[in-house]
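K.L.:
Just dropping this structure here.
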Amino acid sequence: MAAGRIVLGIESSCDETGAGIVSQGRLLAHAVASSMDEHARFGGVVPEIAARAHLHSFTPVVRRALDQAGLKLSDIGAVAVTTGPGLSGALQVGVAGAKTLAYELDVPLYGVHHLAGHVAADTLEHGPLPDPCVVLIVSGGHTSLLLVRDLARDPIVHLGDTLDDAAGECFDKVARVFGLPYPGGPAIDRAARSGDPRAVAFPRPLTGPKDDPYAFSFSGLKTAAARWAEGHAGRDLLVADGAASLQEAVADVLTRKALAACRDHGVGTLVVVGGVAANSRVRTLAEERCAAAGVRLRVPPMTLCTDNGAMIAAVGDLLVRSGAEPAPWDVSIDPSAPLAYAALQPRAATARAA
Ligand code: KG4
Ligand code: ZN
């Protein structure tokens, strides 16, 4: 029966190969292999290296997830895979692998939007999302404030997006200028622990009375942090203070706008997801401000904030249970897919028309 299917989710959009197994909203297992260390000496993800690493990790990671759950491949009733957005070579490996498995098992295949996966990650820890909820997605490539209703069925409403850099990108690039290791976000978080968040008065972009209340901009903040670092060149660069002040500015802007969205739309739940939701200051400031505003805060556990296969399986499971149409066998990747629906199957319309 469709509703009781066990869903295998595959994620390979960037540098993490993830396999997750979910059934009826319950996480049964997940395994991740990261090629992060292979990119570290280049200071950023090298697409070809990421794609090759996915190829090496795909089968072992799927096997690890199955072993963890105590399941056989033949127990899998549906396969969900990230079809975009992401690095094209990396996505290709995951989609080819997922198609092979689904075809071999003769089970339906679902194409999933990576960011919808980040949203669904939270359901594995805290149960179904309330309708409606405000979702703040903060990852390495995206920063958006969304109004989410039924994730499997309804269109996702964008209240605001970043006009330039994503919050994670800002952390990653500034970390480089500060001489901190890749990936920059966690390095800034660590360095900030011994710094003073009030040491440097970094700007709070787009928070003026005439600014779009839900739009973000992080490139000016990135430049301000880089200038500050240059201005301290040759002297003792107080990296900890710079990191703490930058983190404070990012956390302040993100949470301020997210709470304004909840207030303006009369929404009682804020969900913060994506890699930057792992940031300690983003988490505590969101907690403080939500408590003060009487808004319920939901943030996935750290391991489900960064890229993983469980979040893709979670979307697949929601799609199966909502009776969504599976993807056609010729479903393709969409490296720059905008987030409009959780199911991402760019070729579906053509295939059905044919
Ligand atoms: O969601 P994610 O794993 O991948 C994308 O879809 O982009 O997010 C990765 C981003 C990177 O920019 C990384 O530096 C950031 O999340 N990140 C953090 C932390 N952990 C990961 N940023 C700040 N503090 C952290 N603790
Ligand atoms: Zn991601």
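Going through the structure tokens in order, the chains are called A, B, and so on, while each chain numbers its residues from 1 and the ligands are numbered from 1 in the order shown.
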Any idea what's packed within 9 Å of segment 129-133 of chain A, counting only C-alpha atoms, ignoring anything in its chain fewer than 6 positions away? Could you give it as number ranges by chain?
P.N.:
A: 120, 122-123, 146-151, 262, 267-271
K.L.:
For segment 99-106 of chain A, please output as a count of residues only all residues within 8 Å (counting only C-alpha atoms; exclusion window: fewer than 4 positions along the same chain).
P.N.:
7
K.L.:
Atom CA of Leu115 of chain A and atom CA of Ala258 of chain A, how far apart in Å?
P.N.:
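Atom CA of Leu115 of chain A lies at a distance of 17.1 Å from atom CA of Ala258 of chain A.
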K.L.:
Which residues sit within 6 Å of ligand 1, counting only C-alpha atoms and all ligand atoms, listed as number ranges by chain?
P.N.:
A: 139-141, 168-169, 171-172, 183-186, 189, 274-276, 278-279, 306-307
K.L.:
List every residue of segment 64-302 of chain A that DSSP, applied to the backbone of this structure, assigns to strand (DSSP E or B), and report them as an NGL selection string.
P.N.:
:A and (78-84 or 109-113 or 133-138 or 143-148 or 157-162 or 216 or 269-273 or 296-298)
K.L.:
Which is closest to ligand 2 among A:Ile312, A:Val135, A:Ala229, A:Ala65, if we use only C-alpha atoms and all ligand atoms?
P.N.:
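Smallest separation from ligand 2 among the options: A:Ile312.
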K.L.:
Determine, counting only C-alpha atoms, which protein, DNA and RNA residues have an atom within 9 Å of an atom of Ala116 of chain A; residues of the same chain fewer than 3 positions away are not included. Present the result as a list in words.
P.N.:
Val112, His113, Val119, Ala120, Ala121, Leu151, Met311, Ile312, Val315, Leu339, Tyr341, Ala342 and Ala343 of chain A
K.L.:
Can you work out which one of A:Arg227, A:Arg256, A:Arg198, A:Arg64 has the shortest atom-to-atom distance to Pro213 of chain A, counting only C-alpha atoms?
P.N.:
A:Arg256
K.L.:
Show me, as a ChimeraX atom specification, the residues that have an atom within 10 Å of Ala277 of chain A when counting only C-alpha atoms, minus same-chain residues fewer than 3 positions from it.
P.N.:
/A:136-139,168,251,271-274,280-283,286,299-302,304-306
K.L.:
Could you pull out the alpha helix (DSSP H) residues of segment 125-274 of chain A from DSSP and send them as a PDB file with N, CA, C and O atoms, in the first residue's frame?
P.N.:
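Written file, selection-v2.pdb:
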ATOM      1  N   GLU A 125      11.997  15.414  13.503  1.00  0.00           N
ATOM      2  CA  GLU A 125      12.243  15.581  14.944  1.00  0.00           C
ATOM      3  C   GLU A 125      10.983  16.068  15.667  1.00  0.00           C
ATOM      4  O   GLU A 125      10.673  15.628  16.759  1.00  0.00           O
ATOM      5  N   HIS A 126      10.248  16.990  15.013  1.00  0.00           N
ATOM      6  CA  HIS A 126       9.149  17.657  15.730  1.00  0.00           C
ATOM      7  C   HIS A 126       7.755  17.370  15.180  1.00  0.00           C
ATOM      8  O   HIS A 126       6.797  18.019  15.567  1.00  0.00           O
ATOM      9  N   ALA A 167      23.438  33.903   3.595  1.00  0.00           N
ATOM     10  CA  ALA A 167      24.078  34.086   4.901  1.00  0.00           C
ATOM     11  C   ALA A 167      25.292  33.155   5.059  1.00  0.00           C
ATOM     12  O   ALA A 167      26.354  33.571   5.538  1.00  0.00           O
ATOM     13  N   GLY A 168      25.150  31.907   4.615  1.00  0.00           N
ATOM     14  CA  GLY A 168      26.248  30.942   4.740  1.00  0.00           C
ATOM     15  C   GLY A 168      27.440  31.344   3.878  1.00  0.00           C
ATOM     16  O   GLY A 168      28.598  31.189   4.283  1.00  0.00           O
ATOM     17  N   GLU A 169      27.135  31.892   2.701  1.00  0.00           N
ATOM     18  CA  GLU A 169      28.172  32.357   1.788  1.00  0.00           C
ATOM     19  C   GLU A 169      28.959  33.501   2.441  1.00  0.00           C
ATOM     20  O   GLU A 169      30.184  33.575   2.324  1.00  0.00           O
ATOM     21  N   CYS A 170      28.238  34.373   3.139  1.00  0.00           N
ATOM     22  CA  CYS A 170      28.864  35.494   3.841  1.00  0.00           C
ATOM     23  C   CYS A 170      29.831  34.943   4.895  1.00  0.00           C
ATOM     24  O   CYS A 170      30.995  35.355   4.969  1.00  0.00           O
ATOM     25  N   PHE A 171      29.376  33.973   5.679  1.00  0.00           N
ATOM     26  CA  PHE A 171      30.256  33.356   6.686  1.00  0.00           C
ATOM     27  C   PHE A 171      31.468  32.704   6.007  1.00  0.00           C
ATOM     28  O   PHE A 171      32.600  32.877   6.449  1.00  0.00           O
ATOM     29  N   ASP A 172      31.220  31.970   4.925  1.00  0.00           N
ATOM     30  CA  ASP A 172      32.304  31.234   4.262  1.00  0.00           C
ATOM     31  C   ASP A 172      33.355  32.184   3.691  1.00  0.00           C
ATOM     32  O   ASP A 172      34.559  31.954   3.830  1.00  0.00           O
ATOM     33  N   LYS A 173      32.892  33.275   3.050  1.00  0.00           N
ATOM     34  CA  LYS A 173      33.839  34.193   2.421  1.00  0.00           C
ATOM     35  C   LYS A 173      34.594  35.019   3.452  1.00  0.00           C
ATOM     36  O   LYS A 173      35.788  35.252   3.306  1.00  0.00           O
ATOM     37  N   VAL A 174      33.891  35.489   4.489  1.00  0.00           N
ATOM     38  CA  VAL A 174      34.574  36.287   5.511  1.00  0.00           C
ATOM     39  C   VAL A 174      35.588  35.419   6.278  1.00  0.00           C
ATOM     40  O   VAL A 174      36.689  35.873   6.591  1.00  0.00           O
ATOM     41  N   ALA A 175      35.226  34.172   6.510  1.00  0.00           N
ATOM     42  CA  ALA A 175      36.147  33.273   7.221  1.00  0.00           C
ATOM     43  C   ALA A 175      37.479  33.190   6.483  1.00  0.00           C
ATOM     44  O   ALA A 175      38.547  33.206   7.085  1.00  0.00           O
ATOM     45  N   ARG A 176      37.410  33.156   5.163  1.00  0.00           N
ATOM     46  CA  ARG A 176      38.621  33.099   4.335  1.00  0.00           C
ATOM     47  C   ARG A 176      39.493  34.324   4.564  1.00  0.00           C
ATOM     48  O   ARG A 176      40.695  34.211   4.750  1.00  0.00           O
ATOM     49  N   VAL A 177      38.836  35.493   4.554  1.00  0.00           N
ATOM     50  CA  VAL A 177      39.571  36.747   4.769  1.00  0.00           C
ATOM     51  C   VAL A 177      40.158  36.791   6.186  1.00  0.00           C
ATOM     52  O   VAL A 177      41.241  37.324   6.403  1.00  0.00           O
ATOM     53  N   GLY A 184      33.704  27.828   6.358  1.00  0.00           N
ATOM     54  CA  GLY A 184      33.802  29.023   7.168  1.00  0.00           C
ATOM     55  C   GLY A 184      32.770  29.167   8.276  1.00  0.00           C
ATOM     56  O   GLY A 184      33.090  29.676   9.352  1.00  0.00           O
ATOM     57  N   GLY A 185      31.540  28.740   8.024  1.00  0.00           N
ATOM     58  CA  GLY A 185      30.468  28.937   9.015  1.00  0.00           C
ATOM     59  C   GLY A 185      30.814  28.340  10.374  1.00  0.00           C
ATOM     60  O   GLY A 185      30.852  29.050  11.386  1.00  0.00           O
ATOM     61  N   PRO A 186      31.109  27.036  10.418  1.00  0.00           N
ATOM     62  CA  PRO A 186      31.458  26.438  11.708  1.00  0.00           C
ATOM     63  C   PRO A 186      32.727  27.064  12.311  1.00  0.00           C
ATOM     64  O   PRO A 186      32.816  27.217  13.533  1.00  0.00           O
ATOM     65  N   ALA A 187      33.677  27.487  11.457  1.00  0.00           N
ATOM     66  CA  ALA A 187      34.921  28.093  11.953  1.00  0.00           C
ATOM     67  C   ALA A 187      34.631  29.447  12.601  1.00  0.00           C
ATOM     68  O   ALA A 187      35.188  29.776  13.656  1.00  0.00           O
ATOM     69  N   ILE A 188      33.739  30.235  11.991  1.00  0.00           N
ATOM     70  CA  ILE A 188      33.341  31.530  12.576  1.00  0.00           C
ATOM     71  C   ILE A 188      32.653  31.280  13.922  1.00  0.00           C
ATOM     72  O   ILE A 188      32.913  31.951  14.917  1.00  0.00           O
ATOM     73  N   ASP A 189      31.773  30.279  13.941  1.00  0.00           N
ATOM     74  CA  ASP A 189      31.029  29.932  15.156  1.00  0.00           C
ATOM     75  C   ASP A 189      32.002  29.608  16.295  1.00  0.00           C
ATOM     76  O   ASP A 189      31.869  30.100  17.420  1.00  0.00           O
ATOM     77  N   ARG A 190      33.022  28.797  15.975  1.00  0.00           N
ATOM     78  CA  ARG A 190      34.016  28.401  16.996  1.00  0.00           C
ATOM     79  C   ARG A 190      34.828  29.603  17.454  1.00  0.00           C
ATOM     80  O   ARG A 190      35.002  29.834  18.647  1.00  0.00           O
ATOM     81  N   ALA A 191      35.311  30.395  16.477  1.00  0.00           N
ATOM     82  CA  ALA A 191      36.159  31.547  16.811  1.00  0.00           C
ATOM     83  C   ALA A 191      35.380  32.562  17.654  1.00  0.00           C
ATOM     84  O   ALA A 191      35.934  33.208  18.545  1.00  0.00           O
ATOM     85  N   ALA A 192      34.067  32.689  17.359  1.00  0.00           N
ATOM     86  CA  ALA A 192      33.242  33.701  18.023  1.00  0.00           C
ATOM     87  C   ALA A 192      33.086  33.444  19.523  1.00  0.00           C
ATOM     88  O   ALA A 192      32.806  34.369  20.288  1.00  0.00           O
ATOM     89  N   SER A 219      25.987  41.008   1.030  1.00  0.00           N
ATOM     90  CA  SER A 219      27.273  41.296   0.383  1.00  0.00           C
ATOM     91  C   SER A 219      27.935  42.527   1.001  1.00  0.00           C
ATOM     92  O   SER A 219      29.156  42.580   1.117  1.00  0.00           O
ATOM     93  N   GLY A 220      27.132  43.522   1.412  1.00  0.00           N
ATOM     94  CA  GLY A 220      27.701  44.711   2.052  1.00  0.00           C
ATOM     95  C   GLY A 220      28.339  44.353   3.393  1.00  0.00           C
ATOM     96  O   GLY A 220      29.398  44.866   3.758  1.00  0.00           O
ATOM     97  N   LEU A 221      27.706  43.464   4.097  1.00  0.00           N
ATOM     98  CA  LEU A 221      28.225  43.019   5.396  1.00  0.00           C
ATOM     99  C   LEU A 221      29.540  42.263   5.201  1.00  0.00           C
ATOM    100  O   LEU A 221      30.511  42.449   5.944  1.00  0.00           O
ATOM    101  N   LYS A 222      29.559  41.455   4.147  1.00  0.00           N
ATOM    102  CA  LYS A 222      30.781  40.698   3.808  1.00  0.00           C
ATOM    103  C   LYS A 222      31.929  41.669   3.515  1.00  0.00           C
ATOM    104  O   LYS A 222      33.039  41.513   4.024  1.00  0.00           O
ATOM    105  N   THR A 223      31.619  42.723   2.719  1.00  0.00           N
ATOM    106  CA  THR A 223      32.645  43.711   2.383  1.00  0.00           C
ATOM    107  C   THR A 223      33.097  44.467   3.627  1.00  0.00           C
ATOM    108  O   THR A 223      34.292  44.706   3.817  1.00  0.00           O
ATOM    109  N   ALA A 224      32.138  44.830   4.479  1.00  0.00           N
ATOM    110  CA  ALA A 224      32.484  45.556   5.710  1.00  0.00           C
ATOM    111  C   ALA A 224      33.423  44.716   6.576  1.00  0.00           C
ATOM    112  O   ALA A 224      34.401  45.228   7.136  1.00  0.00           O
ATOM    113  N   ALA A 225      33.150  43.420   6.660  1.00  0.00           N
ATOM    114  CA  ALA A 225      33.992  42.534   7.472  1.00  0.00           C
ATOM    115  C   ALA A 225      35.376  42.390   6.838  1.00  0.00           C
ATOM    116  O   ALA A 225      36.394  42.384   7.549  1.00  0.00           O
ATOM    117  N   ALA A 226      35.414  42.326   5.496  1.00  0.00           N
ATOM    118  CA  ALA A 226      36.707  42.214   4.800  1.00  0.00           C
ATOM    119  C   ALA A 226      37.531  43.488   5.007  1.00  0.00           C
ATOM    120  O   ALA A 226      38.729  43.425   5.283  1.00  0.00           O
ATOM    121  N   ARG A 227      36.892  44.658   4.900  1.00  0.00           N
ATOM    122  CA  ARG A 227      37.584  45.946   5.122  1.00  0.00           C
ATOM    123  C   ARG A 227      38.132  46.007   6.540  1.00  0.00           C
ATOM    124  O   ARG A 227      39.246  46.449   6.772  1.00  0.00           O
ATOM    125  N   TRP A 228      37.301  45.585   7.472  1.00  0.00           N
ATOM    126  CA  TRP A 228      37.726  45.615   8.873  1.00  0.00           C
ATOM    127  C   TRP A 228      38.973  44.745   9.049  1.00  0.00           C
ATOM    128  O   TRP A 228      39.942  45.156   9.693  1.00  0.00           O
ATOM    129  N   ALA A 229      38.962  43.571   8.422  1.00  0.00           N
ATOM    130  CA  ALA A 229      40.115  42.665   8.526  1.00  0.00           C
ATOM    131  C   ALA A 229      41.350  43.300   7.892  1.00  0.00           C
ATOM    132  O   ALA A 229      42.436  43.267   8.469  1.00  0.00           O
ATOM    133  N   GLU A 230      41.172  43.950   6.721  1.00  0.00           N
ATOM    134  CA  GLU A 230      42.306  44.605   6.049  1.00  0.00           C
ATOM    135  C   GLU A 230      42.870  45.749   6.905  1.00  0.00           C
ATOM    136  O   GLU A 230      44.073  45.898   7.023  1.00  0.00           O
ATOM    137  N   GLY A 231      41.955  46.489   7.508  1.00  0.00           N
ATOM    138  CA  GLY A 231      42.348  47.615   8.352  1.00  0.00           C
ATOM    139  C   GLY A 231      43.178  47.186   9.548  1.00  0.00           C
ATOM    140  O   GLY A 231      43.895  47.986  10.140  1.00  0.00           O
ATOM    141  N   VAL A 239      40.574  38.160  15.526  1.00  0.00           N
ATOM    142  CA  VAL A 239      39.634  37.332  14.769  1.00  0.00           C
ATOM    143  C   VAL A 239      38.396  36.983  15.590  1.00  0.00           C
ATOM    144  O   VAL A 239      37.263  37.033  15.094  1.00  0.00           O
ATOM    145  N   ALA A 240      38.603  36.682  16.855  1.00  0.00           N
ATOM    146  CA  ALA A 240      37.468  36.275  17.692  1.00  0.00           C
ATOM    147  C   ALA A 240      36.426  37.393  17.776  1.00  0.00           C
ATOM    148  O   ALA A 240      35.219  37.140  17.656  1.00  0.00           O
ATOM    149  N   ASP A 241      36.900  38.633  17.949  1.00  0.00           N
ATOM    150  CA  ASP A 241      35.967  39.770  18.031  1.00  0.00           C
ATOM    151  C   ASP A 241      35.262  39.991  16.691  1.00  0.00           C
ATOM    152  O   ASP A 241      34.061  40.250  16.653  1.00  0.00           O
ATOM    153  N   GLY A 242      36.018  39.897  15.603  1.00  0.00           N
ATOM    154  CA  GLY A 242      35.428  40.075  14.275  1.00  0.00           C
ATOM    155  C   GLY A 242      34.384  38.997  14.013  1.00  0.00           C
ATOM    156  O   GLY A 242      33.286  39.275  13.516  1.00  0.00           O
ATOM    157  N   ALA A 243      34.725  37.756  14.346  1.00  0.00           N
ATOM    158  CA  ALA A 243      33.808  36.636  14.118  1.00  0.00           C
ATOM    159  C   ALA A 243      32.543  36.794  14.967  1.00  0.00           C
ATOM    160  O   ALA A 243      31.422  36.617  14.467  1.00  0.00           O
ATOM    161  N   ALA A 244      32.722  37.157  16.242  1.00  0.00           N
ATOM    162  CA  ALA A 244      31.556  37.308  17.127  1.00  0.00           C
ATOM    163  C   ALA A 244      30.667  38.456  16.659  1.00  0.00           C
ATOM    164  O   ALA A 244      29.435  38.352  16.684  1.00  0.00           O
ATOM    165  N   SER A 245      31.285  39.543  16.211  1.00  0.00           N
ATOM    166  CA  SER A 245      30.501  40.703  15.761  1.00  0.00           C
ATOM    167  C   SER A 245      29.771  40.412  14.460  1.00  0.00           C
ATOM    168  O   SER A 245      28.625  40.820  14.272  1.00  0.00           O
ATOM    169  N   LEU A 246      30.437  39.691  13.560  1.00  0.00           N
ATOM    170  CA  LEU A 246      29.787  39.326  12.292  1.00  0.00           C
ATOM    171  C   LEU A 246      28.613  38.382  12.558  1.00  0.00           C
ATOM    172  O   LEU A 246      27.503  38.553  12.038  1.00  0.00           O
ATOM    173  N   GLN A 247      28.868  37.400  13.397  1.00  0.00           N
ATOM    174  CA  GLN A 247      27.824  36.419  13.730  1.00  0.00           C
ATOM    175  C   GLN A 247      26.618  37.111  14.367  1.00  0.00           C
ATOM    176  O   GLN A 247      25.468  36.773  14.081  1.00  0.00           O
ATOM    177  N   GLU A 248      26.908  38.102  15.212  1.00  0.00           N
ATOM    178  CA  GLU A 248      25.834  38.848  15.872  1.00  0.00           C
ATOM    179  C   GLU A 248      25.006  39.609  14.836  1.00  0.00           C
ATOM    180  O   GLU A 248      23.767  39.607  14.898  1.00  0.00           O
ATOM    181  N   ALA A 249      25.698  40.240  13.882  1.00  0.00           N
ATOM    182  CA  ALA A 249      24.987  41.020  12.852  1.00  0.00           C
ATOM    183  C   ALA A 249      24.096  40.100  12.013  1.00  0.00           C
ATOM    184  O   ALA A 249      22.924  40.406  11.765  1.00  0.00           O
ATOM    185  N   VAL A 250      24.640  38.954  11.600  1.00  0.00           N
ATOM    186  CA  VAL A 250      23.864  38.016  10.769  1.00  0.00           C
ATOM    187  C   VAL A 250      22.668  37.479  11.567  1.00  0.00           C
ATOM    188  O   VAL A 250      21.528  37.481  11.089  1.00  0.00           O
ATOM    189  N   ALA A 251      22.928  37.044  12.793  1.00  0.00           N
ATOM    190  CA  ALA A 251      21.850  36.472  13.624  1.00  0.00           C
ATOM    191  C   ALA A 251      20.777  37.517  13.912  1.00  0.00           C
ATOM    192  O   ALA A 251      19.574  37.215  13.891  1.00  0.00           O
ATOM    193  N   ASP A 252      21.206  38.757  14.154  1.00  0.00           N
ATOM    194  CA  ASP A 252      20.274  39.837  14.452  1.00  0.00           C
ATOM    195  C   ASP A 252      19.333  40.072  13.264  1.00  0.00           C
ATOM    196  O   ASP A 252      18.102  40.071  13.408  1.00  0.00           O
ATOM    197  N   VAL A 253      19.910  40.230  12.069  1.00  0.00           N
ATOM    198  CA  VAL A 253      19.092  40.520  10.883  1.00  0.00           C
ATOM    199  C   VAL A 253      18.151  39.353  10.579  1.00  0.00           C
ATOM    200  O   VAL A 253      16.952  39.549  10.324  1.00  0.00           O
ATOM    201  N   LEU A 254      18.691  38.128  10.611  1.00  0.00           N
ATOM    202  CA  LEU A 254      17.868  36.950  10.274  1.00  0.00           C
ATOM    203  C   LEU A 254      16.665  36.827  11.213  1.00  0.00           C
ATOM    204  O   LEU A 254      15.525  36.658  10.767  1.00  0.00           O
ATOM    205  N   THR A 255      16.926  36.921  12.519  1.00  0.00           N
ATOM    206  CA  THR A 255      15.840  36.667  13.477  1.00  0.00           C
ATOM    207  C   THR A 255      14.860  37.844  13.527  1.00  0.00           C
ATOM    208  O   THR A 255      13.664  37.649  13.684  1.00  0.00           O
ATOM    209  N   ARG A 256      15.391  39.059  13.370  1.00  0.00           N
ATOM    210  CA  ARG A 256      14.515  40.229  13.374  1.00  0.00           C
ATOM    211  C   ARG A 256      13.477  40.126  12.249  1.00  0.00           C
ATOM    212  O   ARG A 256      12.280  40.326  12.443  1.00  0.00           O
ATOM    213  N   LYS A 257      13.949  39.786  11.045  1.00  0.00           N
ATOM    214  CA  LYS A 257      13.050  39.717   9.897  1.00  0.00           C
ATOM    215  C   LYS A 257      12.103  38.516   9.993  1.00  0.00           C
ATOM    216  O   LYS A 257      10.936  38.602   9.624  1.00  0.00           O
ATOM    217  N   ALA A 258      12.615  37.414  10.506  1.00  0.00           N
ATOM    218  CA  ALA A 258      11.765  36.223  10.633  1.00  0.00           C
ATOM    219  C   ALA A 258      10.619  36.493  11.611  1.00  0.00           C
ATOM    220  O   ALA A 258       9.469  36.117  11.354  1.00  0.00           O
ATOM    221  N   LEU A 259      10.929  37.181  12.714  1.00  0.00           N
ATOM    222  CA  LEU A 259       9.869  37.466  13.681  1.00  0.00           C
ATOM    223  C   LEU A 259       8.893  38.515  13.165  1.00  0.00           C
ATOM    224  O   LEU A 259       7.694  38.452  13.459  1.00  0.00           O
ATOM    225  N   ALA A 260       9.407  39.460  12.361  1.00  0.00           N
ATOM    226  CA  ALA A 260       8.504  40.447  11.750  1.00  0.00           C
ATOM    227  C   ALA A 260       7.523  39.728  10.828  1.00  0.00           C
ATOM    228  O   ALA A 260       6.329  40.041  10.788  1.00  0.00           O
ATOM    229  N   ALA A 261       8.016  38.721  10.103  1.00  0.00           N
ATOM    230  CA  ALA A 261       7.142  37.961   9.188  1.00  0.00           C
ATOM    231  C   ALA A 261       6.068  37.221   9.983  1.00  0.00           C
ATOM    232  O   ALA A 261       4.898  37.194   9.587  1.00  0.00           O
ATOM    233  N   CYS A 262       6.434  36.621  11.108  1.00  0.00           N
ATOM    234  CA  CYS A 262       5.449  35.904  11.949  1.00  0.00           C
ATOM    235  C   CYS A 262       4.388  36.888  12.453  1.00  0.00           C
ATOM    236  O   CYS A 262       3.194  36.607  12.385  1.00  0.00           O
ATOM    237  N   ARG A 263       4.870  38.030  12.941  1.00  0.00           N
ATOM    238  CA  ARG A 263       3.941  39.028  13.499  1.00  0.00           C
ATOM    239  C   ARG A 263       3.003  39.538  12.402  1.00  0.00           C
ATOM    240  O   ARG A 263       1.784  39.503  12.561  1.00  0.00           O
ATOM    241  N   ASP A 264       3.569  39.964  11.271  1.00  0.00           N
ATOM    242  CA  ASP A 264       2.754  40.569  10.213  1.00  0.00           C
ATOM    243  C   ASP A 264       1.744  39.593   9.614  1.00  0.00           C
ATOM    244  O   ASP A 264       0.698  39.997   9.136  1.00  0.00           O
ATOM    245  N   HIS A 265       2.085  38.308   9.607  1.00  0.00           N
ATOM    246  CA  HIS A 265       1.187  37.319   9.001  1.00  0.00           C
ATOM    247  C   HIS A 265       0.381  36.550  10.045  1.00  0.00           C
ATOM    248  O   HIS A 265      -0.318  35.594   9.713  1.00  0.00           O
TER     249      HIS A 265
END
K.L.:
Find, counting only C-alpha atoms and all ligand atoms, the residue in A:Leu87, A:Val157, A:Ala29, A:Ile333 that gets nearest to ligand 2.
P.N.:
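Looking at the shortest contact to ligand 2, the residue is A:Leu87.
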K.L.:
A:Gly4, A:Gly309, A:Gly89, A:Gly44: which is nearest ligand 2, counting only C-alpha atoms and all ligand atoms?
P.N.:
A:Gly309
K.L.:
Atom CA of Pro85 of chain A and atom CA of Pro60 of chain A, how far apart in Å?
P.N.:
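Interatomic distance here is 23.9 Å.
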K.L.:
Quick one: residues within 12 Å of Glu38 of chain A, only C-alpha atoms, excluding same-chain residues fewer than 4 positions away - as a list in words?
P.N.:
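Final neighbour list, sorted by chain and number: Asp15, Glu16, Ala33, Ser34, Phe42, Gly43, Gly44, Val45, Val46, Pro47, Glu48, Ile49, Ala50, Ala51, Arg52, Ala53, Tyr182 and Pro183 of chain A.
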K.L.:
Between A:Val93, A:Leu8, A:Val61, A:Leu344, which residue has the minimum interatomic distance to Val32 of chain A, considering only C-alpha atoms?
P.N.:
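That would be A:Val61, the residue with the smallest distance to Val32 of chain A.
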K.L.:
Which is closest to ligand 2 among A:His54, A:His142, A:Ser23, A:Leu163, if we use only C-alpha atoms and all ligand atoms?
P.N.:
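Of all the options, A:His142 lies closest to ligand 2.
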K.L.:
Just to confirm, what's the straight-line distance from atom CA of Pro155 of chain A to atom CA of Ile21 of chain A in Å (one decimal)?
P.N.:
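That distance, rounded to one decimal, is 25.2 Å.
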